[in-house]
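Participant: TSV, C-alpha atoms, saved as query-v6.tsv, coming up:
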chain	number	residue	atom	x	y	z
A	18	MET	CA	102.85	78.31	207.82
A	19	LYS	CA	105.00	80.88	206.01
A	20	ILE	CA	108.76	80.32	206.11
A	21	ILE	CA	110.74	83.56	206.34
A	22	ASN	CA	114.32	83.75	205.15
A	23	PRO	CA	116.51	84.65	208.19
A	24	PHE	CA	118.89	86.72	206.05
A	25	ILE	CA	116.04	88.91	204.83
A	26	ILE	CA	115.14	89.44	208.49
A	27	LEU	CA	118.75	90.48	209.26
A	28	LYS	CA	118.82	92.90	206.33
A	29	ASN	CA	115.47	94.38	207.45
A	30	ARG	CA	116.81	94.78	211.00
A	31	TYR	CA	119.90	96.49	209.59
A	32	GLN	CA	117.74	98.93	207.65
A	33	LYS	CA	115.63	99.62	210.77
A	34	LEU	CA	118.83	100.36	212.72
A	35	ILE	CA	119.86	102.82	210.00
A	36	LYS	CA	116.46	104.51	210.22
A	37	THR	CA	116.71	104.65	214.03
A	38	ALA	CA	120.28	105.98	214.05
A	39	LYS	CA	119.62	108.64	211.43
A	40	PRO	CA	115.86	108.96	210.72
A	41	ASP	CA	116.28	111.68	208.08
A	42	LEU	CA	118.33	109.41	205.78
A	43	PRO	CA	116.47	107.53	203.02
A	44	LEU	CA	116.81	103.76	202.74
A	45	LYS	CA	117.06	103.69	198.95
A	46	LYS	CA	119.84	101.55	197.50
A	47	SER	CA	120.60	104.24	194.94
A	48	GLN	CA	121.64	106.74	197.61
A	49	PRO	CA	124.60	105.43	199.61
A	50	ILE	CA	124.70	106.39	203.28
A	51	LEU	CA	127.89	108.07	204.45
A	52	ARG	CA	128.75	109.35	207.87
A	53	ILE	CA	132.33	109.21	209.22
A	54	ASP	CA	133.93	112.23	207.46
A	55	GLN	CA	130.75	112.69	205.39
A	56	SER	CA	132.50	114.02	202.28
A	57	LEU	CA	134.49	111.80	199.94
A	58	ASP	CA	138.27	112.02	200.27
A	59	SER	CA	139.95	113.75	197.35
A	60	ASP	CA	142.27	110.79	196.73
A	61	TYR	CA	139.41	108.22	196.62
A	62	GLU	CA	136.73	107.70	194.02
A	63	LEU	CA	133.38	105.92	194.22
A	64	VAL	CA	133.39	102.62	192.31
A	65	LYS	CA	130.73	100.06	191.52
A	66	ILE	CA	130.98	96.41	190.63
A	67	HIS	CA	130.76	96.26	186.85
A	68	ASP	CA	131.22	92.53	186.40
A	69	VAL	CA	131.95	89.49	188.57
A	70	GLY	CA	132.81	85.94	187.59
A	71	LEU	CA	135.20	83.03	187.83
A	72	ALA	CA	138.69	82.88	186.30
A	73	ASP	CA	138.88	79.11	185.88
A	74	PRO	CA	136.56	76.18	185.14
A	75	PHE	CA	137.08	74.75	188.63
A	76	ALA	CA	135.66	77.90	190.32
A	77	VAL	CA	138.80	78.35	192.41
A	78	GLN	CA	139.60	81.97	191.56
A	79	GLY	CA	137.15	84.86	191.36
A	80	VAL	CA	137.44	87.96	189.22
A	81	LEU	CA	135.61	91.26	189.23
A	82	ILE	CA	135.87	94.68	187.67
A	83	LEU	CA	135.29	97.83	189.70
A	84	LYS	CA	134.29	100.83	187.59
A	85	THR	CA	133.68	104.55	188.14
A	86	ASP	CA	130.87	106.52	186.52
A	87	GLU	CA	133.53	108.10	184.27
A	88	GLY	CA	134.62	104.70	182.93
A	89	LYS	CA	137.87	104.20	184.85
A	90	GLU	CA	138.22	100.65	186.08
A	91	PHE	CA	140.21	98.27	188.22
A	92	PRO	CA	140.22	94.48	187.74
A	93	ILE	CA	140.64	92.21	190.76
A	94	SER	CA	141.46	88.53	190.38
A	95	ALA	CA	143.36	87.23	193.39
A	96	PHE	CA	140.47	86.07	195.56
A	97	SER	CA	138.43	82.90	196.02
A	98	GLY	CA	135.69	81.71	193.71
A	99	GLU	CA	133.50	81.26	196.77
A	100	VAL	CA	133.64	84.99	197.59
A	101	ALA	CA	132.92	85.76	193.91
A	102	ARG	CA	129.75	83.64	194.14
A	103	TYR	CA	128.67	85.45	197.31
A	104	ILE	CA	129.21	88.85	195.67
A	105	SER	CA	127.24	87.73	192.62
A	106	ASN	CA	124.41	86.46	194.83
A	107	PHE	CA	124.32	89.70	196.84
A	108	ILE	CA	124.16	91.75	193.62
A	109	ASN	CA	121.20	89.63	192.51
A	110	ALA	CA	119.50	90.11	195.92
A	111	LYS	CA	120.03	86.45	196.86
A	112	LEU	CA	120.77	87.01	200.53
A	113	ASP	CA	119.99	83.54	201.80
A	114	SER	CA	123.54	82.17	201.84
A	115	LEU	CA	125.47	84.37	204.22
A	116	PRO	CA	128.88	82.92	205.18
A	117	THR	CA	129.49	82.30	208.88
A	118	ILE	CA	132.14	85.02	209.22
A	119	TYR	CA	129.85	87.65	207.63
A	120	ASN	CA	127.03	86.48	209.89
A	121	MET	CA	129.34	86.92	212.89
A	122	ILE	CA	130.08	90.51	211.82
A	123	GLU	CA	126.33	91.09	211.43
A	124	GLN	CA	125.65	89.85	214.97
A	125	ILE	CA	128.49	91.91	216.48
A	126	CYS	CA	127.21	95.02	214.70
A	127	GLU	CA	123.65	94.39	215.80
A	128	GLU	CA	124.65	93.88	219.44
A	129	SER	CA	126.95	96.93	219.38
A	130	GLU	CA	124.49	99.06	217.39
A	131	LEU	CA	127.01	99.66	214.63
A	132	LEU	CA	126.33	100.14	210.92
A	133	LEU	CA	128.74	99.65	208.04
A	134	VAL	CA	128.73	102.94	206.12
A	135	LYS	CA	131.58	102.65	203.59
A	136	VAL	CA	134.54	100.58	202.46
A	137	LYS	CA	137.83	102.06	201.24
A	138	LEU	CA	140.17	100.01	199.03
A	139	TYR	CA	143.88	100.70	198.74
A	140	GLN	CA	147.11	98.95	197.79
A	141	SER	CA	149.44	97.67	200.50
A	142	GLY	CA	152.57	96.18	198.95
A	143	ASN	CA	151.36	93.72	196.32
A	144	ALA	CA	147.97	93.17	197.96
A	145	LEU	CA	144.69	95.05	197.73
A	146	ARG	CA	143.43	95.81	201.24
A	147	ALA	CA	140.40	97.56	202.72
A	148	ASN	CA	139.29	99.67	205.66
A	149	LEU	CA	135.70	99.19	206.83
A	150	TYR	CA	133.98	102.21	208.37
A	151	PHE	CA	131.23	101.68	210.95
A	152	THR	CA	129.11	104.20	212.80
A	153	GLY	CA	126.56	104.01	215.59
A	154	LYS	CA	127.02	104.81	219.26
A	155	LYS	CA	130.64	105.47	218.29
A	156	ASP	CA	132.64	105.46	215.07
A	157	LEU	CA	134.86	102.47	214.35
A	158	VAL	CA	137.34	101.75	211.55
A	159	LEU	CA	138.58	98.21	210.94
A	160	ARG	CA	141.86	98.49	209.05
A	161	ASN	CA	143.83	96.34	206.64
A	162	PHE	CA	141.32	93.59	205.79
A	163	ARG	CA	140.99	91.54	202.61
A	164	ALA	CA	139.48	93.64	199.85
A	165	SER	CA	137.33	90.78	198.51
A	166	ASP	CA	135.57	90.28	201.86
A	167	ALA	CA	135.10	94.03	202.27
A	168	ILE	CA	133.58	94.25	198.78
A	169	ALA	CA	131.24	91.35	199.60
A	170	LEU	CA	130.09	93.07	202.82
A	171	ALA	CA	129.65	96.40	201.00
A	172	THR	CA	127.54	94.62	198.38
A	173	PHE	CA	125.44	92.84	201.01
A	174	TYR	CA	124.70	96.09	202.86
A	175	SER	CA	124.54	98.32	199.75
A	176	VAL	CA	127.18	100.74	201.04
A	177	PRO	CA	129.65	102.76	198.96
A	178	ILE	CA	132.95	101.27	197.83
A	179	LEU	CA	135.73	103.85	197.50
A	180	MET	CA	139.03	103.18	195.77
A	181	ARG	CA	142.28	105.12	195.61
A	182	LYS	CA	142.28	107.14	192.40
A	183	ASN	CA	145.86	106.20	191.55
A	184	LEU	CA	144.78	102.54	191.16
A	185	LEU	CA	142.08	103.26	188.59
A	186	LYS	CA	142.92	103.06	184.89
A	187	GLU	CA	141.16	104.20	181.75
A	188	LYS	CA	139.46	101.34	179.98
A	189	ALA	CA	141.78	99.75	177.46
A	190	THR	CA	140.70	100.06	173.83
A	191	VAL	CA	141.71	97.76	171.00
A	192	LYS	CA	142.73	99.35	167.70
A	193	GLN	CA	141.48	97.56	164.61
If you convert what's in this file into structure tokens, what do you get?

Facilitator:
Amino acid sequence: MKIINPFIILKNRYQKLIKTAKPDLPLKKSQPILRIDQSLDSDYELVKIHDVGLADPFAVQGVLILKTDEGKEFPISAFSGEVARYISNFINAKLDSLPTIYNMIEQICEESELLLVKVKLYQSGNALRANLYFTGKKDLVLRNFRASDAIALATFYSVPILMRKNLLKEKATVKQ
């Protein structure tokens, strides 16, 4: 008897829903799917996870670096080590350990025929927050959620992560 990973099944169902909702869109990871306001906003830039890890030996605090194709970057360090491990696993296509809250979002989306299409990161006071954009039978935007969870979901579903341009900095160089 062959044992099938339930998270692979969920990801496959998600990809089938994408194909059903918009059959002319490819399912390649390298081409992010955007709908809701199809074009990128002029004050946001597409970022990718450049590196992810842990800030301390006890695995309490996670760190990651978001980077643009032009080399601008933004470090994030105020989130849990557990979320950092999930992001790392999702990057490495290890989709077998989906947290309960992410699984709940997956089930709600499946039942409502919604697809996550992009995540936008922005600063709100001293915190980094995110809006999650869904499409399907209707468009839905979930506003002001933790950036680390939004990044984890974007990584799991291979959707674009957009960040406010004013938060991105040129990579620091060390003079010798």

Participant: Measuring between only C-alpha atoms, which one of A:Leu112, A:Val136, A:Ala164, A:Leu184 shows the shortest distance to Ala95 of chain A?

Facilitator: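 Distance minimum relative to Ala95 of chain A lands on A:Ala164.
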
Participant: Could you check which of A:Asp156, A:Asp68, A:Glu128, A:Glu123 is closest to Leu170 of chain A, using all atoms listed in the file?

Facilitator: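 Among A:Asp156, A:Asp68, A:Glu128, A:Glu123, it is A:Glu123 that comes nearest to Leu170 of chain A.
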
Participant: In Å, rounded to a single decimal, give me how far atom CA of Asn183 of chain A is from atom CA of Gln140 of chain A.

Facilitator: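 If I compute the distance from atom CA of Gln140 of chain A to atom CA of Asn183 of chain A, I get 9.6 Å.
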
Participant: Using all atoms listed in the file, which of A:Glu187, A:Glu99, A:Glu90, A:Asp58 sits nearest Asp166 of chain A?

Facilitator: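 Among A:Glu187, A:Glu99, A:Glu90, A:Asp58, it is A:Glu99 that comes nearest to Asp166 of chain A.
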
Participant: Which residues, written as a ChimeraX atom specification, have at least one atom at most 10 Å from Lys154 of chain A, with all atoms listed in the file counted and residues fewer than 4 positions away on the same chain left out?

Facilitator: /A:38,129-132

Participant: Between atom CA of Tyr61 of chain A and atom CA of Arg181 of chain A, what distance in Å does the model show, to one decimal?

Facilitator: 4.3 Å

Participant: For a cut-off of 9 Å around (131.7, 100.1, 192.0), file coordinates, pick out all residues using only C-alpha atoms and list them as a PyMOL selection string.

Facilitator: chain A and resi 63-67+82-86+90+177-180
